[in-house]
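Q: Before we start, here is the structure in question, set down as structure tokens.
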Amino acid sequence: MPSSGEDGKEDGNPNENEPKADATRRNFLKAGLAFVVGLVILGIGAVSKSLFAPSEAFSTETSTSSATTSTASKAGIPPSTPGFPVIMVANVSDLQVNRVEYFYYPLTDTPNILVKLGTKATGGVGPDGDIVAFSQICQHLGCSVGYVGAGDSPACDSSYTAAGPEGYCCCHGSAYDLTNGMKVTGGPAPRPLPQVILKVDDAGNIYATGMTSPTIFGYNTGSDDVSADLSGGTIVS
């Protein structure tokens, strides 16, 4: 019968199972290490994806933007003078000679006249090059300018007959040649009327895209810096 002595082989001696316990512990540590390494790899993958995601999003956005620009270009929608809005004011098919259209541009309180003159004009657009638009604010003292067709008289002065299509101010008799860059042809106005820069797209839509110098009366009056036309008010949209 075995005794509990120095031979270390008494039943239940923990030393018998020590090699097995060490192996189990090592296997557990290995499994844990593999799990941690897996998490690290997944983390690196997620970080890499987040780092590259902005570039992918930017590429998509750029592509969409380019497609939009291309569509606009194909439609013939014109670019504006830097800083100026682009707004549609009429369609070529809707206009008749000597019939006036009114609109505000580039600010909500700066009125303009658009008219088909029936004769080719400087800056004119449309199939006949005779559609023009100009500031309705007289360059003399800021009164309102009206349109007078060739051979007609303004309502305020039946004795006056326009030699050609004119802008006429009833306050002091300033007259402007609408076929020749809105130049002054009579009265006290010291400078031409600002002309609205017009463009026409493929569908015949007429757009206001900017203003020529001089500035609109009351907006750094007489300056050639047309950016002053955009100050002190609300830009149309």
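Every chain in the structure tokens has a letter given in the order shown (A, B, ...), and although residue numbers restart at 1 in each chain, ligands are simply numbered from 1 in the order shown.
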Near Gly186 in chain A, within 10 Å and counting only C-alpha atoms, which residues show up once chain neighbours fewer than 5 positions away are dropped, as a list in words?

A: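 These residues fall inside the cut-off: Tyr168, His172, Gly173, Ser174, Ala175, Tyr176 and Asp177 of chain A.
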
Q: Could you write those residues out with C-alpha atoms, as a PDB file, in the first residue's frame?

A:
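part-v4.pdb, written as the output of this step:
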ATOM      1  CA  TYR A 168     -36.254 109.490 -73.083  1.00  0.00           C
ATOM      2  CA  HIS A 172     -35.277 117.290 -68.235  1.00  0.00           C
ATOM      3  CA  GLY A 173     -35.366 115.926 -71.780  1.00  0.00           C
ATOM      4  CA  SER A 174     -32.327 113.643 -71.733  1.00  0.00           C
ATOM      5  CA  ALA A 175     -32.371 111.266 -74.709  1.00  0.00           C
ATOM      6  CA  TYR A 176     -30.352 108.102 -75.303  1.00  0.00           C
ATOM      7  CA  ASP A 177     -29.672 106.211 -78.547  1.00  0.00           C
TER       8      ASP A 177
END

Q: Could you make a table, as a Markdown table, of the residues of range 108-169 of chain A that have an atom within 10 Å of an atom of range 213-219 of chain A, each with its nearest atom pair and distance in Å to one decimal, counting only C-alpha atoms, in chain and number order?

A:
| residue | atom | partner | partner_atom | distance |
| --- | --- | --- | --- | --- |
| A:Thr110 | CA | A:Ile216 | CA | 8.2 |
| A:Phe134 | CA | A:Ile216 | CA | 9.9 |
| A:Ser135 | CA | A:Ile216 | CA | 7.0 |
| A:Gln136 | CA | A:Ile216 | CA | 9.1 |
| A:Ile137 | CA | A:Phe217 | CA | 6.3 |
| A:Cys138 | CA | A:Phe217 | CA | 6.9 |
| A:Gln139 | CA | A:Phe217 | CA | 5.5 |
| A:His140 | CA | A:Phe217 | CA | 8.1 |
| A:Leu141 | CA | A:Phe217 | CA | 7.8 |
| A:Gly142 | CA | A:Phe217 | CA | 6.0 |
| A:Cys143 | CA | A:Phe217 | CA | 9.5 |

Q: Compile a residue-level contact table for range 131-160 of chain A against range 80-100 of chain A at a cut-off of 12 Å, reporting for every qualifying residue the shortest atom pair and its distance in Å to one decimal, with only C-alpha atoms counted, rows ordered by chain and ascending number, as JSON lines.

A:
{"residue": "A:Ile131", "atom": "CA", "partner": "A:Val92", "partner_atom": "CA", "distance": 8.5}
{"residue": "A:Val132", "atom": "CA", "partner": "A:Val100", "partner_atom": "CA", "distance": 10.4}
{"residue": "A:Ala133", "atom": "CA", "partner": "A:Val100", "partner_atom": "CA", "distance": 9.7}
{"residue": "A:Phe134", "atom": "CA", "partner": "A:Val100", "partner_atom": "CA", "distance": 11.3}
{"residue": "A:Gln136", "atom": "CA", "partner": "A:Val100", "partner_atom": "CA", "distance": 11.7}
{"residue": "A:Gly146", "atom": "CA", "partner": "A:Val100", "partner_atom": "CA", "distance": 9.4}
{"residue": "A:Tyr147", "atom": "CA", "partner": "A:Val100", "partner_atom": "CA", "distance": 7.5}
{"residue": "A:Val148", "atom": "CA", "partner": "A:Asn98", "partner_atom": "CA", "distance": 8.1}
{"residue": "A:Gly149", "atom": "CA", "partner": "A:Asn98", "partner_atom": "CA", "distance": 6.2}
{"residue": "A:Ala150", "atom": "CA", "partner": "A:Asn98", "partner_atom": "CA", "distance": 9.1}
{"residue": "A:Gly151", "atom": "CA", "partner": "A:Asn98", "partner_atom": "CA", "distance": 11.7}
{"residue": "A:Asp152", "atom": "CA", "partner": "A:Asn98", "partner_atom": "CA", "distance": 10.6}

Q: Restricted to N, CA and C atoms, what would the selected residues look like written as a short mmCIF file (atom, residue, chain, number, x, y, z; two decimals), in the first residue's frame?

A:
data_model
loop_
_atom_site.label_atom_id
_atom_site.label_comp_id
_atom_site.auth_asym_id
_atom_site.auth_seq_id
_atom_site.Cartn_x
_atom_site.Cartn_y
_atom_site.Cartn_z
N ILE A 131 -32.60 92.98 -79.75
CA ILE A 131 -33.18 92.97 -78.40
C ILE A 131 -32.16 93.54 -77.42
N VAL A 132 -32.53 94.60 -76.74
CA VAL A 132 -31.62 95.26 -75.79
C VAL A 132 -32.34 95.48 -74.46
N ALA A 133 -31.54 95.73 -73.45
CA ALA A 133 -32.09 96.09 -72.13
C ALA A 133 -31.18 97.14 -71.53
N PHE A 134 -31.77 98.05 -70.76
CA PHE A 134 -30.98 99.16 -70.20
C PHE A 134 -31.59 99.64 -68.90
N GLN A 136 -33.32 101.92 -66.28
CA GLN A 136 -34.40 102.89 -66.44
C GLN A 136 -34.15 104.16 -65.61
N GLY A 146 -38.15 106.46 -70.15
CA GLY A 146 -39.14 105.66 -70.86
C GLY A 146 -38.66 105.32 -72.26
N TYR A 147 -39.35 104.39 -72.90
CA TYR A 147 -38.98 103.99 -74.26
C TYR A 147 -39.83 104.75 -75.28
N VAL A 148 -39.16 105.23 -76.34
CA VAL A 148 -39.85 105.90 -77.44
C VAL A 148 -39.38 105.27 -78.75
N GLY A 149 -40.30 104.73 -79.54
CA GLY A 149 -39.94 104.12 -80.81
C GLY A 149 -39.61 105.16 -81.86
N ALA A 150 -38.91 104.74 -82.90
CA ALA A 150 -38.53 105.65 -83.99
C ALA A 150 -39.77 106.31 -84.58
N GLY A 151 -39.71 107.66 -84.70
CA GLY A 151 -40.81 108.43 -85.26
C GLY A 151 -41.93 108.74 -84.28
N ASP A 152 -41.83 108.24 -83.05
CA ASP A 152 -42.85 108.49 -82.04
C ASP A 152 -42.44 109.64 -81.12
#

Q: Looking at A:Ser158, A:Ser223, A:Ser153, A:Ala208, which one is nearest to Leu114 in chain A, with distances taken over only C-alpha atoms?

A: A:Ala208

Q: Suppose you want the space between CA of Thr221 in chain A and CA of Ile235 in chain A; what is it in Å?

A: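 Separating CA of Thr221 in chain A from CA of Ile235 in chain A is a distance of 18.4 Å.
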
Q: Could you state the separation of CA of Asp128 in chain A and CA of Asp229 in chain A in Å, given to one decimal place?

A: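 It comes out at 29.0 Å.
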
Q: Counting only C-alpha atoms, which residue out of A:Val125, A:Ile206, A:Ile113, A:Ile197 sits closest to Glu166 in chain A?

A: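 Selected residue with least distance to Glu166 in chain A: A:Ile113.
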